[in-house]
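*Asks:* My structure is stored as upload_37.txt, with compact mmCIF, C-alpha atoms and all ligand atoms.
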```txt
# COMPACT_ATOMS: atom_id res chain seq x y z
CA MET A 6 44.89 9.45 19.86
CA THR A 7 41.60 9.69 21.66
CA LEU A 8 38.86 12.33 21.57
CA GLU A 9 36.97 12.97 24.77
CA GLY A 10 34.40 15.41 26.02
CA PRO A 11 30.98 15.90 27.54
CA GLU A 12 27.74 15.51 25.58
CA GLY A 13 27.46 17.36 22.29
CA SER A 14 31.06 18.50 22.17
CA GLY A 15 31.42 17.62 18.49
CA LYS A 16 33.92 14.76 18.88
CA SER A 17 32.42 12.58 16.20
CA THR A 18 32.51 15.36 13.61
CA GLN A 19 36.13 16.01 14.49
CA ALA A 20 37.01 12.30 14.27
CA GLN A 21 35.73 12.26 10.69
CA ARG A 22 37.46 15.50 9.75
CA LEU A 23 40.79 14.41 11.25
CA THR A 24 40.69 11.13 9.42
CA ALA A 25 40.25 12.95 6.13
CA ARG A 26 43.11 15.32 7.00
CA LEU A 27 45.49 12.55 7.94
CA ALA A 28 44.58 10.54 4.88
CA ALA A 29 45.35 13.61 2.75
CA ALA A 30 48.73 13.84 4.51
CA GLY A 31 49.46 10.24 3.55
CA TYR A 32 48.70 8.45 6.82
CA LEU A 33 46.56 5.37 7.13
CA CYS A 34 43.91 5.81 9.80
CA ALA A 35 41.47 3.76 11.79
CA VAL A 36 38.53 5.42 13.54
CA THR A 37 36.62 3.88 16.41
CA ARG A 38 33.74 4.95 18.60
CA GLU A 39 32.75 3.78 22.04
CA PRO A 40 30.83 1.94 23.11
CA GLY A 41 30.75 -0.11 19.92
CA GLY A 42 32.98 -0.74 16.94
CA THR A 43 32.76 -4.55 17.04
CA ARG A 44 29.81 -6.92 16.81
CA LEU A 45 29.92 -7.58 20.53
CA GLY A 46 30.52 -3.91 21.24
CA GLU A 47 27.49 -2.81 19.22
CA GLU A 48 25.29 -5.30 21.11
CA ILE A 49 26.62 -3.95 24.39
CA ARG A 50 25.98 -0.42 23.11
CA GLN A 51 22.29 -1.24 22.66
CA ILE A 52 22.09 -2.60 26.19
CA LEU A 53 24.00 0.30 27.67
CA LEU A 54 22.49 3.25 25.90
CA HIS A 55 19.03 2.24 24.77
CA GLY A 56 18.02 -0.90 26.64
CA MET A 57 18.51 -1.19 30.35
CA SER A 58 19.86 0.72 33.28
CA PRO A 59 22.54 -1.57 34.72
CA VAL A 60 23.61 -1.19 38.34
CA PRO A 61 26.79 0.91 38.64
CA ALA A 62 29.31 -1.97 38.75
CA ALA A 63 27.64 -3.69 35.79
CA ASP A 64 27.67 -0.39 33.91
CA ALA A 65 31.42 0.03 34.32
CA LEU A 66 32.08 -3.61 33.50
CA LEU A 67 29.99 -3.48 30.33
CA PHE A 68 31.72 -0.35 29.03
CA ASN A 69 35.03 -2.08 29.69
CA ALA A 70 33.87 -5.32 28.10
CA ALA A 71 33.05 -3.43 24.89
CA ARG A 72 36.42 -1.66 25.15
CA ALA A 73 38.36 -4.91 25.64
CA GLN A 74 36.82 -6.33 22.49
CA LEU A 75 37.50 -3.15 20.54
CA ALA A 76 41.12 -3.01 21.67
CA ALA A 77 41.81 -6.62 20.74
CA GLU A 78 39.81 -6.74 17.51
CA VAL A 79 40.38 -3.29 16.06
CA ILE A 80 42.85 -1.01 17.85
CA GLU A 81 45.80 -3.33 18.43
CA PRO A 82 45.74 -4.77 14.89
CA ALA A 83 45.50 -1.27 13.39
CA LEU A 84 48.45 -0.09 15.46
CA ALA A 85 50.40 -3.16 14.43
CA ARG A 86 49.75 -2.24 10.79
CA GLY A 87 51.21 1.20 11.49
CA GLU A 88 47.95 3.10 11.29
CA VAL A 89 47.01 6.19 13.22
CA VAL A 90 44.12 5.23 15.48
CA ILE A 91 41.54 7.88 16.33
CA CYS A 92 39.18 6.82 19.11
CA ASP A 93 35.93 8.69 19.67
CA ARG A 94 35.92 8.10 23.47
CA PHE A 95 38.13 5.66 25.38
CA SER A 96 38.95 4.85 29.03
CA ASP A 97 38.84 8.47 30.21
CA SER A 98 35.09 8.48 29.47
CA THR A 99 34.54 5.74 32.05
CA LEU A 100 36.49 7.72 34.63
CA ALA A 101 34.51 10.86 33.84
CA TYR A 102 31.00 9.33 33.55
CA GLN A 103 31.04 6.31 35.86
CA GLY A 104 33.66 7.84 38.18
CA TYR A 105 33.11 11.58 38.54
CA GLY A 106 29.54 11.49 37.23
CA ALA A 107 28.10 8.41 38.96
CA GLY A 108 30.46 8.38 41.94
CA GLN A 109 32.22 5.04 41.46
CA ALA A 110 35.73 4.71 42.90
CA LEU A 111 38.33 5.96 40.43
CA ASP A 112 40.94 3.43 41.60
CA ALA A 113 38.61 0.52 40.91
CA LEU A 114 37.73 1.94 37.49
CA ARG A 115 41.40 2.38 36.61
CA GLU A 116 42.10 -1.20 37.65
CA MET A 117 39.18 -2.39 35.54
CA ALA A 118 40.49 -0.51 32.49
CA ARG A 119 43.93 -2.04 32.98
CA PHE A 120 42.34 -5.47 33.06
CA ALA A 121 40.31 -4.68 29.92
CA VAL A 122 42.99 -3.19 27.69
CA GLY A 123 46.27 -3.94 29.43
CA GLY A 124 48.66 -1.03 29.27
CA LEU A 125 47.10 0.51 26.17
CA VAL A 126 47.25 4.23 26.85
CA PRO A 127 46.66 6.94 24.24
CA ASP A 128 49.74 8.98 23.48
CA MET A 129 47.51 11.99 22.92
CA THR A 130 44.05 12.79 24.20
CA VAL A 131 42.06 15.77 23.00
CA LEU A 132 39.41 17.01 25.41
CA ILE A 133 36.85 19.14 23.62
CA ASP A 134 35.48 21.11 26.52
CA LEU A 135 32.12 22.83 26.44
CA PRO A 136 29.64 24.30 28.93
CA ILE A 137 27.11 21.60 29.77
CA GLU A 138 24.05 23.61 28.77
CA GLU A 139 25.49 24.25 25.35
CA GLY A 140 26.43 20.61 24.70
CA LEU A 141 23.13 19.20 25.94
CA GLY A 142 21.27 21.80 23.86
CA ARG A 143 23.03 20.54 20.74
CA LYS A 144 22.27 16.92 21.62
CA PHE A 145 18.61 17.44 22.44
CA ASN A 146 18.21 18.76 18.95
CA GLY A 147 19.77 15.61 17.52
CA PRO A 148 18.49 12.07 16.90
CA ASP A 149 20.84 9.98 19.08
CA ILE A 150 19.49 10.48 22.58
CA THR A 151 20.92 8.00 25.11
CA ARG A 152 19.96 7.31 28.69
CA PHE A 153 22.74 9.64 29.78
CA GLU A 154 20.85 12.52 28.24
CA SER A 155 17.34 11.40 29.17
CA ASN A 156 17.93 10.04 32.71
CA GLU A 157 20.78 12.09 34.13
CA ASP A 158 20.40 15.62 35.37
CA VAL A 159 22.49 18.67 34.66
CA ALA A 160 24.43 18.19 37.92
CA PHE A 161 25.59 14.77 36.68
CA HIS A 162 26.83 16.25 33.42
CA ARG A 163 28.55 19.06 35.31
CA ARG A 164 30.44 16.48 37.36
CA VAL A 165 31.41 14.70 34.13
CA ARG A 166 32.79 17.92 32.69
CA THR A 167 34.66 18.76 35.89
CA GLY A 168 36.01 15.20 35.89
CA PHE A 169 37.36 15.48 32.37
CA LEU A 170 39.06 18.77 33.27
CA ALA A 171 40.59 17.20 36.39
CA LEU A 172 41.91 14.26 34.35
CA ALA A 173 43.41 16.70 31.86
CA ALA A 174 45.02 18.78 34.59
CA ALA A 175 46.57 15.65 36.12
CA GLU A 176 48.19 14.62 32.82
CA PRO A 177 49.02 17.81 30.91
CA ASP A 178 51.49 16.05 28.60
CA ARG A 179 48.88 13.64 27.31
CA PHE A 180 45.89 15.98 27.20
CA LEU A 181 45.16 18.88 24.90
CA VAL A 182 42.13 20.85 26.08
CA ILE A 183 40.23 22.67 23.35
CA ASP A 184 37.43 25.20 23.66
CA GLY A 185 34.47 23.45 22.03
CA ARG A 186 32.58 26.74 21.57
CA GLN A 187 34.80 27.60 18.62
CA PRO A 188 33.63 26.93 15.07
CA PRO A 189 34.34 23.36 13.89
CA ASP A 190 36.98 24.57 11.40
CA ALA A 191 39.00 26.24 14.17
CA ILE A 192 38.75 23.17 16.40
CA GLU A 193 39.85 20.93 13.54
CA ALA A 194 42.83 23.16 12.74
CA GLU A 195 43.97 23.19 16.37
CA ILE A 196 43.75 19.42 16.78
CA ALA A 197 45.34 18.70 13.40
CA GLU A 198 48.30 20.92 14.14
CA ALA A 199 48.93 19.25 17.50
CA LEU A 200 48.44 15.76 16.13
CA LEU A 201 50.63 16.20 13.08
CA SER A 202 53.35 17.72 15.22
CA ARG A 203 53.21 14.69 17.57
CA ILE A 204 53.33 12.30 14.65
CA GLY A 205 56.25 14.27 13.20
CA GLN A 206 58.14 14.05 16.49
CA ARG A 207 57.57 10.31 16.62
CA ASP A 208 58.64 9.94 12.98
CA ARG A 209 61.87 11.78 13.68
CA LEU A 210 62.49 9.65 16.74
CA LEU A 211 61.98 6.46 14.78
CA LEU A 212 64.07 7.81 11.93
CA GLY A 213 66.89 8.52 14.39
CA GLU A 214 66.61 5.05 15.86
CA ALA A 215 66.58 3.43 12.43
CA GLU A 216 69.64 5.38 11.38
CA ARG A 217 71.50 4.60 14.59
CA GLY A 218 70.60 0.92 14.16
CA ALA A 219 71.80 0.93 10.56
CA HIS A 220 74.99 2.69 11.59
CA ARG A 221 75.70 0.21 14.37
CA SER A 222 75.15 -2.80 12.17
CA GLY A 223 77.10 -1.22 9.34
CA THR A 224 74.26 -1.61 6.84
CA ALA A 225 73.08 1.09 4.53
CA SER A 226 70.29 3.20 5.96
CA SER A 227 67.03 2.25 4.28
CA GLU A 228 63.91 4.37 4.21
CA PRO A 229 62.42 3.83 7.68
CA GLU A 230 58.79 2.97 8.04
CA ARG A 231 56.51 5.79 9.03
CA ALA A 232 55.82 6.12 12.71
CA SER A 233 53.49 3.41 13.72
CA LEU A 234 52.38 3.44 17.32
CA ARG A 235 49.83 6.05 18.16
CA MET A 236 49.05 4.54 21.51
CA ASN A 237 51.70 3.41 23.97
CA LYS A 238 51.76 -0.09 25.34
P1 LIG A 301 26.97 8.51 22.12
O1 LIG A 301 25.62 8.68 21.52
O2 LIG A 301 27.99 7.75 21.34
O3 LIG A 301 27.45 9.91 22.59
P2 LIG A 301 28.70 10.78 22.26
O4 LIG A 301 28.51 11.23 20.85
O5 LIG A 301 28.58 11.84 23.29
O6 LIG A 301 29.92 9.92 22.45
O7 LIG A 301 26.77 7.83 23.53
C1 LIG A 301 27.80 7.45 24.34
C2 LIG A 301 27.33 7.69 25.76
O8 LIG A 301 27.95 6.77 26.65
C3 LIG A 301 27.69 9.08 26.22
O9 LIG A 301 26.61 9.61 26.95
C4 LIG A 301 28.83 8.83 27.18
C5 LIG A 301 28.57 7.45 27.71
N1 LIG A 301 29.78 6.69 28.09
C6 LIG A 301 29.98 6.35 29.42
O10 LIG A 301 29.16 6.68 30.28
N2 LIG A 301 31.09 5.63 29.77
C7 LIG A 301 32.00 5.23 28.85
O11 LIG A 301 33.01 4.57 29.20
C8 LIG A 301 31.79 5.58 27.47
C9 LIG A 301 32.75 5.13 26.43
C10 LIG A 301 30.66 6.30 27.14
```
Now, as a test, write the supplied structure out as structure tokens.
*Replies:*
Amino acid sequence: MTLEGPEGSGKSTQAQRLTARLAAAGYLCAVTREPGGTRLGEEIRQILLHGMSPVPAADALLFNAARAQLAAEVIEPALARGEVVICDRFSDSTLAYQGYGAGQALDALREMARFAVGGLVPDMTVLIDLPIEEGLGRKFNGPDITRFESNEDVAFHRRVRTGFLALAAAEPDRFLVIDGRQPPDAIEAEIAEALLSRIGQRDRLLLGEAERGAHRSGTASSEPERASLRMNK
């Protein structure tokens, strides 16, 4: 699953809380953040957020370069091990920031993401939505100020928020939109319920398939492995 949202929406806190919840429920988890999460990705993060101001095309390519590395080095192997992968930002962020925010063509950005991560699409995306002023207010009080907070104006961040909401409206089955003004406990409970229910559905589906397979081949039904894929190829 992926967590998305405008600045200061509390995604990173929720990523940590969800990991703890899932671990307590017996699931193995991997958590990632973007840009970053690999050696190359962390170098690119420095360039992107604290070093330079790349031209728009270079910006989009660099975010996707970091993402390609993260998908190959971390996400795909974790999925293959059957872990639940929780990504703090993924491809939708590029559409929202570089697309809706900075005005780059959405089609080109989608094509770029396909090139970077193939058909890796989250099976669930939580958008923690929040009024821009509120999110930026939280961030300006924090230590991790990036060029998106220092260089971009409120209008840019409004377009990003609108973009996220448009992406969510276009894919209601994948997206869960949550009101980020709620207390963290309430947000966590809402996401956890939705996520565990999705995992449960997938488990039952796999269980059914395993049983049908065992039935067809005439072998005894063994305990099926827990649902593995949390992102769809
Ligand atoms: P970060 O400090 O990690 O912020 P957050 O906690 O909000 O995720 O900085 C990431 C910044 O990079 C954030 O301003 C959003 C931006 N970003 C893009 O513009 N495009 C992208 O594809 C991604 C992944 C992030």
*Asks:* Ligand LIG 301 (chain A): which residues are within 6 Å, counting only C-alpha atoms and all ligand atoms? Reply as a PyMOL selection string.
*Replies:* chain A and resi 12-13+39-40+68+94-96+98-99+102-103+149+151+153
*Asks:* Just C-alpha atoms for this one: save the residues we selected as a PDB file, keeping the file's coordinate frame.
*Replies:*
```
ATOM      1  CA  GLU A  12      27.740  15.510  25.580  1.00  0.00           C
ATOM      2  CA  GLY A  13      27.460  17.360  22.290  1.00  0.00           C
ATOM      3  CA  GLU A  39      32.750   3.780  22.040  1.00  0.00           C
ATOM      4  CA  PRO A  40      30.830   1.940  23.110  1.00  0.00           C
ATOM      5  CA  PHE A  68      31.720  -0.350  29.030  1.00  0.00           C
ATOM      6  CA  ARG A  94      35.920   8.100  23.470  1.00  0.00           C
ATOM      7  CA  PHE A  95      38.130   5.660  25.380  1.00  0.00           C
ATOM      8  CA  SER A  96      38.950   4.850  29.030  1.00  0.00           C
ATOM      9  CA  SER A  98      35.090   8.480  29.470  1.00  0.00           C
ATOM     10  CA  THR A  99      34.540   5.740  32.050  1.00  0.00           C
ATOM     11  CA  TYR A 102      31.000   9.330  33.550  1.00  0.00           C
ATOM     12  CA  GLN A 103      31.040   6.310  35.860  1.00  0.00           C
ATOM     13  CA  ASP A 149      20.840   9.980  19.080  1.00  0.00           C
ATOM     14  CA  THR A 151      20.920   8.000  25.110  1.00  0.00           C
ATOM     15  CA  PHE A 153      22.740   9.640  29.780  1.00  0.00           C
TER      16      PHE A 153
END
```
*Asks:* Between atom CA of A:Ala63 and atom CA of A:Gln109, what distance in Å does the model show, to one decimal?
*Replies:*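 Atom-to-atom, atom CA of A:Ala63 and atom CA of A:Gln109 are spaced 11.4 Å apart.
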*Asks:* Fewer than 5 positions away in the same chain doesn't count, so skip those; otherwise give me all residues within 9 Å of A:Phe120, counting all atoms listed in the file, as a list in words.
*Replies:*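 Counting only the stated atoms, we get Asn69, Ala73 and Arg115 of chain A.
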*Asks:* Have a look at atom CA of A:Asp190 and atom CA of A:Leu132 and let me know their distance in Å, one decimal.
*Replies:* 16.1 Å
*Asks:* Would you compute the distance between atom CA of A:Thr130 and atom CA of A:Arg179? Give it in Å to one decimal.
*Replies:* 5.8 Å
*Asks:* Env of A:Ala107: 9 Å cut, atoms = all atoms listed in the file, seq-sep filter 6 positions within chain, self excluded. Answer as a ChimeraX atom specification.
*Replies:* /A:61,101,161,164-165
*Asks:* Using all atoms listed in the file, find the one residue out of A:Ala118, A:Gly218, A:Glu138, A:Ala173 that sits nearest to A:Val159.
*Replies:*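 With all atoms listed in the file as the atom set, the closest residue is A:Glu138.
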*Asks:* Please determine, counting all atoms listed in the file, which residue among A:Val131, A:Val122, A:Leu27, A:Met6 has the shortest atom-to-atom distance to A:Ala70.
*Replies:*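 Of all the options, A:Val122 lies closest to A:Ala70.
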*Asks:* Could you tell me, as a PDB file with C-alpha atoms, in the coordinates of the input, which residues have any atom at most 9 Å from (38.9, 14.6, 32.2), counting all atoms listed in the file?
*Replies:*
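Result saved to part_11.pdb:
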```pdb
ATOM      1  CA  GLU A   9      36.970  12.970  24.770  1.00  0.00           C
ATOM      2  CA  GLY A  10      34.400  15.410  26.020  1.00  0.00           C
ATOM      3  CA  ASP A  97      38.840   8.470  30.210  1.00  0.00           C
ATOM      4  CA  SER A  98      35.090   8.480  29.470  1.00  0.00           C
ATOM      5  CA  LEU A 100      36.490   7.720  34.630  1.00  0.00           C
ATOM      6  CA  ALA A 101      34.510  10.860  33.840  1.00  0.00           C
ATOM      7  CA  LEU A 132      39.410  17.010  25.410  1.00  0.00           C
ATOM      8  CA  VAL A 165      31.410  14.700  34.130  1.00  0.00           C
ATOM      9  CA  ARG A 166      32.790  17.920  32.690  1.00  0.00           C
ATOM     10  CA  THR A 167      34.660  18.760  35.890  1.00  0.00           C
ATOM     11  CA  GLY A 168      36.010  15.200  35.890  1.00  0.00           C
ATOM     12  CA  PHE A 169      37.360  15.480  32.370  1.00  0.00           C
ATOM     13  CA  LEU A 170      39.060  18.770  33.270  1.00  0.00           C
ATOM     14  CA  ALA A 171      40.590  17.200  36.390  1.00  0.00           C
ATOM     15  CA  LEU A 172      41.910  14.260  34.350  1.00  0.00           C
ATOM     16  CA  ALA A 173      43.410  16.700  31.860  1.00  0.00           C
ATOM     17  CA  ALA A 174      45.020  18.780  34.590  1.00  0.00           C
ATOM     18  CA  ALA A 175      46.570  15.650  36.120  1.00  0.00           C
ATOM     19  CA  PHE A 180      45.890  15.980  27.200  1.00  0.00           C
TER      20      PHE A 180
END
```
*Asks:* Please work out which residues fall within 9 Å of (35.7, 11.0, 19.5), coordinates as given in the file, with all atoms listed in the file counting, and return them as a PyMOL selection string.
*Replies:* chain A and resi 7-10+15-21+36-39+91-95+131
*Asks:* What would the file look like if the residues just selected were written as an mmCIF file, in the frame of the given file with C-alpha atoms?
*Replies:*
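So the final result, stored in selection36.cif, reads:
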```cif
data_model
loop_
_atom_site.group_PDB
_atom_site.id
_atom_site.type_symbol
_atom_site.label_atom_id
_atom_site.label_comp_id
_atom_site.auth_asym_id
_atom_site.auth_seq_id
_atom_site.Cartn_x
_atom_site.Cartn_y
_atom_site.Cartn_z
ATOM 1 C CA THR A 7 41.600 9.690 21.660
ATOM 2 C CA LEU A 8 38.860 12.330 21.570
ATOM 3 C CA GLU A 9 36.970 12.970 24.770
ATOM 4 C CA GLY A 10 34.400 15.410 26.020
ATOM 5 C CA GLY A 15 31.420 17.620 18.490
ATOM 6 C CA LYS A 16 33.920 14.760 18.880
ATOM 7 C CA SER A 17 32.420 12.580 16.200
ATOM 8 C CA THR A 18 32.510 15.360 13.610
ATOM 9 C CA GLN A 19 36.130 16.010 14.490
ATOM 10 C CA ALA A 20 37.010 12.300 14.270
ATOM 11 C CA GLN A 21 35.730 12.260 10.690
ATOM 12 C CA VAL A 36 38.530 5.420 13.540
ATOM 13 C CA THR A 37 36.620 3.880 16.410
ATOM 14 C CA ARG A 38 33.740 4.950 18.600
ATOM 15 C CA GLU A 39 32.750 3.780 22.040
ATOM 16 C CA ILE A 91 41.540 7.880 16.330
ATOM 17 C CA CYS A 92 39.180 6.820 19.110
ATOM 18 C CA ASP A 93 35.930 8.690 19.670
ATOM 19 C CA ARG A 94 35.920 8.100 23.470
ATOM 20 C CA PHE A 95 38.130 5.660 25.380
ATOM 21 C CA VAL A 131 42.060 15.770 23.000
#
```
*Asks:* Given only C-alpha atoms as the basis, pick out the residue of A:Ala62, A:Leu33, A:Leu114, A:Ala121 nearest to A:Leu75.
*Replies:*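 For A:Leu75, the nearest of the given residues is A:Ala121.
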*Asks:* Please determine, counting only C-alpha atoms, which residue among A:Ser14, A:Gln51, A:Ser202, A:Gln187 has the shortest atom-to-atom distance to A:Leu67.
*Replies:* A:Gln51
*Asks:* Which residue is closest to A:Ala35? Choose from A:Arg186, A:Arg72, A:Arg86, A:Arg50 and count all atoms listed in the file.
*Replies:*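 Of the candidates, the smallest distance to A:Ala35 is held by A:Arg86.
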*Asks:* Identify which of the residues A:Val126, A:Cys34, A:Ile133, A:Leu23 lies closest to A:Asp184, counting only C-alpha atoms when measuring atom-to-atom distances.
*Replies:*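 Closest to A:Asp184 of all the choices is A:Ile133.
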*Asks:* Give me the box for stretch 166-174 of chain A as lines of an AutoDock Vina configuration file, namely the centre and edge lengths in Å to one decimal of a box along x, y and z that holds every listed atom plus 5 Å on each side.
*Replies:*
```
center_x = 38.9
center_y = 16.5
center_z = 34.1
size_x = 22.2
size_y = 14.5
size_z = 14.5
```
*Asks:* Output stretch 67-93 of chain A with N, CA and C atoms present, as a PDB file, keeping the file's coordinate frame.
*Replies:*
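Contents of selection-v1.pdb, freshly written:
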```pdb
ATOM      1  N   LEU A  67      30.448  -3.361  31.721  1.00  0.00           N
ATOM      2  CA  LEU A  67      29.990  -3.480  30.330  1.00  0.00           C
ATOM      3  C   LEU A  67      30.735  -2.510  29.409  1.00  0.00           C
ATOM      4  N   PHE A  68      30.930  -1.278  29.853  1.00  0.00           N
ATOM      5  CA  PHE A  68      31.720  -0.350  29.030  1.00  0.00           C
ATOM      6  C   PHE A  68      33.112  -0.928  28.795  1.00  0.00           C
ATOM      7  N   ASN A  69      33.685  -1.519  29.843  1.00  0.00           N
ATOM      8  CA  ASN A  69      35.030  -2.080  29.690  1.00  0.00           C
ATOM      9  C   ASN A  69      35.041  -3.355  28.873  1.00  0.00           C
ATOM     10  N   ALA A  70      33.949  -4.107  28.928  1.00  0.00           N
ATOM     11  CA  ALA A  70      33.870  -5.320  28.100  1.00  0.00           C
ATOM     12  C   ALA A  70      33.879  -4.918  26.619  1.00  0.00           C
ATOM     13  N   ALA A  71      33.084  -3.913  26.287  1.00  0.00           N
ATOM     14  CA  ALA A  71      33.050  -3.430  24.890  1.00  0.00           C
ATOM     15  C   ALA A  71      34.438  -2.920  24.501  1.00  0.00           C
ATOM     16  N   ARG A  72      35.086  -2.237  25.425  1.00  0.00           N
ATOM     17  CA  ARG A  72      36.420  -1.660  25.150  1.00  0.00           C
ATOM     18  C   ARG A  72      37.470  -2.759  24.950  1.00  0.00           C
ATOM     19  N   ALA A  73      37.395  -3.815  25.764  1.00  0.00           N
ATOM     20  CA  ALA A  73      38.360  -4.910  25.640  1.00  0.00           C
ATOM     21  C   ALA A  73      38.271  -5.534  24.250  1.00  0.00           C
ATOM     22  N   GLN A  74      37.028  -5.727  23.804  1.00  0.00           N
ATOM     23  CA  GLN A  74      36.820  -6.330  22.490  1.00  0.00           C
ATOM     24  C   GLN A  74      37.339  -5.411  21.384  1.00  0.00           C
ATOM     25  N   LEU A  75      37.067  -4.126  21.549  1.00  0.00           N
ATOM     26  CA  LEU A  75      37.500  -3.150  20.540  1.00  0.00           C
ATOM     27  C   LEU A  75      39.029  -3.073  20.480  1.00  0.00           C
ATOM     28  N   ALA A  76      39.653  -3.091  21.638  1.00  0.00           N
ATOM     29  CA  ALA A  76      41.120  -3.010  21.670  1.00  0.00           C
ATOM     30  C   ALA A  76      41.732  -4.220  20.967  1.00  0.00           C
ATOM     31  N   ALA A  77      41.213  -5.402  21.297  1.00  0.00           N
ATOM     32  CA  ALA A  77      41.810  -6.620  20.740  1.00  0.00           C
ATOM     33  C   ALA A  77      41.494  -6.796  19.263  1.00  0.00           C
ATOM     34  N   GLU A  78      40.248  -6.450  18.882  1.00  0.00           N
ATOM     35  CA  GLU A  78      39.810  -6.740  17.510  1.00  0.00           C
ATOM     36  C   GLU A  78      40.195  -5.638  16.527  1.00  0.00           C
ATOM     37  N   VAL A  79      40.217  -4.412  16.994  1.00  0.00           N
ATOM     38  CA  VAL A  79      40.380  -3.290  16.060  1.00  0.00           C
ATOM     39  C   VAL A  79      41.639  -2.452  16.341  1.00  0.00           C
ATOM     40  N   ILE A  80      41.786  -1.985  17.585  1.00  0.00           N
ATOM     41  CA  ILE A  80      42.850  -1.010  17.850  1.00  0.00           C
ATOM     42  C   ILE A  80      44.242  -1.621  17.735  1.00  0.00           C
ATOM     43  N   GLU A  81      44.460  -2.722  18.446  1.00  0.00           N
ATOM     44  CA  GLU A  81      45.800  -3.330  18.430  1.00  0.00           C
ATOM     45  C   GLU A  81      46.213  -3.745  17.012  1.00  0.00           C
ATOM     46  N   PRO A  82      45.338  -4.418  16.256  1.00  0.00           N
ATOM     47  CA  PRO A  82      45.740  -4.770  14.890  1.00  0.00           C
ATOM     48  C   PRO A  82      46.039  -3.546  14.028  1.00  0.00           C
ATOM     49  N   ALA A  83      45.251  -2.475  14.190  1.00  0.00           N
ATOM     50  CA  ALA A  83      45.500  -1.270  13.390  1.00  0.00           C
ATOM     51  C   ALA A  83      46.852  -0.660  13.759  1.00  0.00           C
ATOM     52  N   LEU A  84      47.149  -0.617  15.040  1.00  0.00           N
ATOM     53  CA  LEU A  84      48.450  -0.090  15.460  1.00  0.00           C
ATOM     54  C   LEU A  84      49.583  -0.950  14.909  1.00  0.00           C
ATOM     55  N   ALA A  85      49.360  -2.251  14.940  1.00  0.00           N
ATOM     56  CA  ALA A  85      50.400  -3.160  14.430  1.00  0.00           C
ATOM     57  C   ALA A  85      50.628  -2.961  12.941  1.00  0.00           C
ATOM     58  N   ARG A  86      49.588  -2.517  12.235  1.00  0.00           N
ATOM     59  CA  ARG A  86      49.750  -2.240  10.790  1.00  0.00           C
ATOM     60  C   ARG A  86      50.351  -0.858  10.561  1.00  0.00           C
ATOM     61  N   GLY A  87      50.602  -0.120  11.628  1.00  0.00           N
ATOM     62  CA  GLY A  87      51.210   1.200  11.490  1.00  0.00           C
ATOM     63  C   GLY A  87      50.224   2.321  11.253  1.00  0.00           C
ATOM     64  N   GLU A  88      48.947   2.060  11.540  1.00  0.00           N
ATOM     65  CA  GLU A  88      47.950   3.100  11.290  1.00  0.00           C
ATOM     66  C   GLU A  88      47.816   4.058  12.475  1.00  0.00           C
ATOM     67  N   VAL A  89      47.353   5.250  12.166  1.00  0.00           N
ATOM     68  CA  VAL A  89      47.010   6.190  13.220  1.00  0.00           C
ATOM     69  C   VAL A  89      45.605   5.834  13.684  1.00  0.00           C
ATOM     70  N   VAL A  90      45.437   5.609  14.977  1.00  0.00           N
ATOM     71  CA  VAL A  90      44.120   5.230  15.480  1.00  0.00           C
ATOM     72  C   VAL A  90      43.475   6.418  16.191  1.00  0.00           C
ATOM     73  N   ILE A  91      42.288   6.772  15.722  1.00  0.00           N
ATOM     74  CA  ILE A  91      41.540   7.880  16.330  1.00  0.00           C
ATOM     75  C   ILE A  91      40.322   7.292  17.030  1.00  0.00           C
ATOM     76  N   CYS A  92      40.288   7.403  18.344  1.00  0.00           N
ATOM     77  CA  CYS A  92      39.180   6.820  19.110  1.00  0.00           C
ATOM     78  C   CYS A  92      38.242   7.910  19.603  1.00  0.00           C
ATOM     79  N   ASP A  93      36.980   7.796  19.194  1.00  0.00           N
ATOM     80  CA  ASP A  93      35.930   8.690  19.670  1.00  0.00           C
ATOM     81  C   ASP A  93      35.469   8.093  21.011  1.00  0.00           C
TER      82      ASP A  93
END
```
